[in-house]
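**Q** Pasting in a structure now, in structure tokens, and then I'll have a few things to ask.
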Amino acid sequence: MGDKPIIGWKSIPLGGSITEPGNSIQRPTGDWRVFKPVINQEKCIRCLLCWIYCPEPSIHIIDKPYKTLTGREWKFSVEVNYSFCKGCGICVEECPVKAIDFIEEVR
Amino acid sequence: MHYRTVFDIPRDELLAPGHGLCGGCVAGTIVRLLLKVAGPNTIVVNPTGCVEVSTTTFPYTSWRVPYIHVAFENAAAVASGIEASIKVLQKKNVIDPSKKINIIVIGGDGGTADIGFQALSGMLERGHKVMYVLYDNEAYMNTGIQRSGTTPLFAWTTTTPIGKVLKGKIQVKKPVAEIVAAHRVPYVATANPAYFLDMMNKFKRGLDVDGPSFIHVIQPCTTGWRYDPRIGIKIARLATETAMWINWELDHGEFRVTVTVPKRKHVRHYIRVQGRFNHLTDEDIETIQKYVDKEVERINKLVGKEVIGPVVE
Amino acid sequence: MENSIWKRIPLNSNYAAAYGAKDSDVDVVAAYPITPQTPAVEKIADFISNGELNAEMIHVESEHSAMSACIGAAAVGARTFTATSAQGLELMHELLHIASGLRLPIVMAVASRALSAPLSIWGDYSDVINIRDTSWIILIASTAQEVYDSIIQAYKIAEDPDVLLPVVVAYDGFMMSHTYELVYVAKNPEIFRDYIPKKVNWTILNVEKPITMGAVANPDWYYEFKYQQVLAMKRSYSVIKNSAKEFEKRYGRSYDTVEVYNNGGKIAVLTYGGLFGTVVEAIDYMNKQGTQITGIKLRLFRPFPLQEIRKVIEDLKMLIVIDRAISFGAPIEGTVAMEISALLHRESIDIPIYSYIASIGQRTTTEEDIIGIVKDAVKLFESGKRISESIYWGVRE
């Protein structure tokens, strides 16, 4: 996990401190996944519950407008970051309009 | 400002992804939402536990706020030291006195209710302005699902196994939040991540009060409770719908149930979806139901009206 | 030394420690009372309540929380102080490793006391010897003046960027903690500001620059962090010596890691703490009687002052070491005697060492006992006996 080089005592901070905040983003967890949540942008009502409940976080609110086939215009989209999504399915379960499909990952 | 809808909630993520919590770990949700409320001017103290080991494996950290882990049983004492230190350094102008710095402990049930309880009690009695958030997954999950003081009646754990003589834990759950409330601190609450607005408003209130606050949050654990990770939030919700978990707050002595349940579900709806209760007979479930009924009666009496209704399904 | 910057007042070593902390301008004190340390905590509470010291005192509910609170306080940049004894030090033990592992320059006074069971509130060094592997620097004082001066020096040592390790200043429970001596203390503690300026040389929790402290280090990393501590402990040796030298230059009182009384004898008695005063008295007496004995005081226990010890013992005919704690089951149950034996062996120096255990649980040890020990050891030496086991002085059958 992660690709930071293994370095010696001369180069590491004292006392085991980690000085780069939030650097776990350099260590993707997407390969933990067996099932993959896929948001159907057509069905999605942008309630943001998937974003709220995601434990990673691996669901992002993106400033990307979306117009559905029925003509409804959304100012933003909700997308899954597959680099970190562990495929727990909480978003799938909690989606009130069943807009998230849960499909087996094919690698 | 109160959070009224999901759109009031800050977008910033102060917990970075890439942490090693189990897929579907609701502690991840709780910590993320907590940090959204607290914001960047926050120092986190975290006793040893799942959240600690899975977010701080050198050289990687998931924390975007200052964070310290010292040991298992002393987070409240460490936080006391931090709070006292900031207070005096602000008095001496070493730290900008106009800056409000939140000091938050995020601890599991072991580090809070059991091994860490003495330090917690000391911190509460001394009145340090620290918010202590307990994420309660009802067992020592970090060491692999051993019984804790907050494990509920009859639950299987690796130290309360299902044998010929004994079947699961033989004692009831320690009422941690009520014991904390007995310290007469300004704010104590119980919360449930399924009711996230309620939970986040409690975090907000806890940070606002002048003195210690304590928020006891239920945290379903896919690994230890033995359920499909996708239903973690659903289980949390069922806990409140069955009154196995009641969301209340005690704000300067005023008691309020914040999530009322006019029509209650039978506890079997909560119990039958969890593998840790697989061995329970219908009679065992009735025993739990009776225990919950009594609790509901007590809470309703405390409030002075029926805030939790009868079992209807 | 009776010049304008000092006042000479009667203090016991607990009060001397409290004055040392006050005059070091500590920011946070977290301590729990325990006999015989208690007066130190009370004195600091007095200083704070009457405005002589601007600090936060955390009235913790245990020693475990005392050290935990000091760790938290130091982790945000405060100068911190605590004090304890015996069971309190044992209760802290886990945190001692963490304080040094996190490289936090905490200073602690220890009024040394015997360990239970059976319960003994009285002085010996079982507690201090027990923390030798915690990566704390350990100074042992033998006068109240030395306690005061050492606490101030301790901050200089601990906060040095080449060190960043916590420091213990130990002294005898009761024999020092509760007996009064005349001590020179600063009329105005401002005189120490340049000696120990408040400069945070260690990593701290700061909302402007968020770091993670106390991380998990897996087998790929843990070893390197421990090796950093090994080096810091080694480097601390010269920092300790230089801090004492600078202290002497500024304030006139001199200290070394090992101190010698009546240099030049072929027989020496080595011990630590307040008992050294008794050794000095005994030496004066024996010298008058025509037996030239040298006294050696170990002021620094960790890091062990190898070169200094070597220097003072290499020309001896025999060395008597009086230990004040028992290392049960060790090859030599007097710890300091065992460490000196290891040093001598390593340096291929062949001097017979006689290891005596004395004053356990504050069993009275007088000048006569010291004279008795010397006579006993000399007799063994002259009869050609080299005793590898520790000798328990004064234990009843």
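Here's how to read the names in the structure tokens: chain A, B, ... by the order shown, residue numbers from 1 in each chain, ligand numbers from 1 in the order shown.
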What are the DSSP alpha helix (DSSP H) residues of region 44-288 of chain B, as a VMD selection string?
**A** chain B and resid 50 to 55 75 to 91 109 117 to 126 176 to 181 196 to 208 222 to 225 232 to 241 268 to 271 282 to 288
**Q** Extract, using only C-alpha atoms, all DNA, RNA and protein residues at most 12 Å from Lys67 (chain A), discarding same-chain residues fewer than 5 positions from it, and format them as a PyMOL selection string.
**A** chain A and resi 41-45+72-77
**Q** Please produce a file of those selected residues containing N, CA and C atoms, as a short mmCIF file (atom, residue, chain, number, x, y, z; two decimals), in the first residue's frame.
**A**
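Result file is result-v9.cif:
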data_model
loop_
_atom_site.label_atom_id
_atom_site.label_comp_id
_atom_site.auth_asym_id
_atom_site.auth_seq_id
_atom_site.Cartn_x
_atom_site.Cartn_y
_atom_site.Cartn_z
N GLN A 41 -26.89 9.03 -13.62
CA GLN A 41 -27.09 10.48 -13.55
C GLN A 41 -28.51 10.88 -13.97
N GLU A 42 -29.16 10.01 -14.74
CA GLU A 42 -30.55 10.28 -15.15
C GLU A 42 -31.50 10.20 -13.97
N LYS A 43 -31.27 9.15 -13.14
CA LYS A 43 -32.19 8.92 -12.03
C LYS A 43 -31.85 9.77 -10.81
N CYS A 44 -30.59 10.14 -10.69
CA CYS A 44 -30.10 10.81 -9.48
C CYS A 44 -30.85 12.11 -9.21
N ILE A 45 -31.34 12.28 -7.97
CA ILE A 45 -32.08 13.51 -7.62
C ILE A 45 -31.22 14.50 -6.84
N ARG A 72 -34.62 17.88 -17.45
CA ARG A 72 -34.32 18.48 -16.14
C ARG A 72 -32.86 18.90 -16.08
N GLU A 73 -32.61 20.11 -15.62
CA GLU A 73 -31.23 20.60 -15.58
C GLU A 73 -30.68 20.64 -14.15
N TRP A 74 -29.55 20.01 -13.95
CA TRP A 74 -28.87 20.03 -12.65
C TRP A 74 -27.62 20.87 -12.77
N LYS A 75 -27.35 21.65 -11.72
CA LYS A 75 -26.15 22.51 -11.75
C LYS A 75 -24.89 21.73 -11.38
N PHE A 76 -25.09 20.59 -10.75
CA PHE A 76 -23.92 19.81 -10.33
C PHE A 76 -24.19 18.31 -10.48
N SER A 77 -23.11 17.54 -10.40
CA SER A 77 -23.24 16.10 -10.49
C SER A 77 -22.61 15.47 -9.25
#
**Q** I'd like to know which of C:Asn12, C:Asn218, C:Thr179, C:Asn188 is closest to chain B, using only C-alpha atoms.
**A**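 The answer is C:Asn218, which sits nearest to chain B.
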**Q** Hey, could you make a per-residue contact list for chain C against chain B with 8 Å as the cut-off, showing the nearest pair of atoms and its distance in Å to one decimal, counting only C-alpha atoms, sorted by chain and number, as CSV?
**A**
residue,atom,partner,partner_atom,distance
C:Asp27,CA,B:Val88,CA,6.7
C:Val28,CA,B:Ser85,CA,6.2
C:Ala30,CA,B:Gly81,CA,7.8
C:Asn54,CA,B:Val88,CA,8.0
C:Ala55,CA,B:Val88,CA,6.4
C:Glu56,CA,B:Ala84,CA,6.1
C:Met57,CA,B:Ala84,CA,7.9
C:Ile58,CA,B:Ala84,CA,7.3
C:His59,CA,B:Arg126,CA,7.5
C:Val60,CA,B:Gly122,CA,6.5
C:Glu61,CA,B:Gly122,CA,5.6
C:His64,CA,B:Asn74,CA,7.6
C:Ser65,CA,B:Ala77,CA,5.2
C:Ala66,CA,B:Ala77,CA,7.5
C:Ser68,CA,B:Val78,CA,4.9
C:Ala69,CA,B:Gly81,CA,3.9
C:Cys70,CA,B:Gly81,CA,5.9
C:Ile71,CA,B:Val78,CA,6.5
C:Gly72,CA,B:Val78,CA,4.4
C:Ala73,CA,B:Gly81,CA,4.4
C:Ala74,CA,B:Ser85,CA,7.9
C:Ala75,CA,B:Ile82,CA,7.3
C:Val76,CA,B:Ile82,CA,6.4
C:Gly77,CA,B:Ser85,CA,7.8
C:Ala78,CA,B:Ser85,CA,5.9
C:Leu95,CA,B:Ala71,CA,7.8
C:Ile98,CA,B:Val70,CA,6.9
C:Leu205,CA,B:Pro66,CA,5.4
C:Asn206,CA,B:Pro66,CA,6.2
C:Val207,CA,B:Asn41,CA,5.5
C:Lys209,CA,B:Pro66,CA,7.5
C:Pro210,CA,B:Pro66,CA,4.2
C:Ile211,CA,B:Pro66,CA,5.0
C:Thr212,CA,B:Tyr67,CA,4.7
C:Met213,CA,B:Ile68,CA,4.6
C:Gly214,CA,B:His69,CA,4.7
C:Ala215,CA,B:Thr56,CA,5.1
C:Val216,CA,B:Thr57,CA,4.7
C:Ala217,CA,B:Phe58,CA,5.4
C:Asn218,CA,B:Thr57,CA,7.4
C:Trp221,CA,B:Phe58,CA,7.6
**Q** Residues of region 75-129 of chain C classed as strand (DSSP E or B) by DSSP on the backbone are to be reported as a PyMOL selection string.
**A** chain C and resi 80-84+107-112
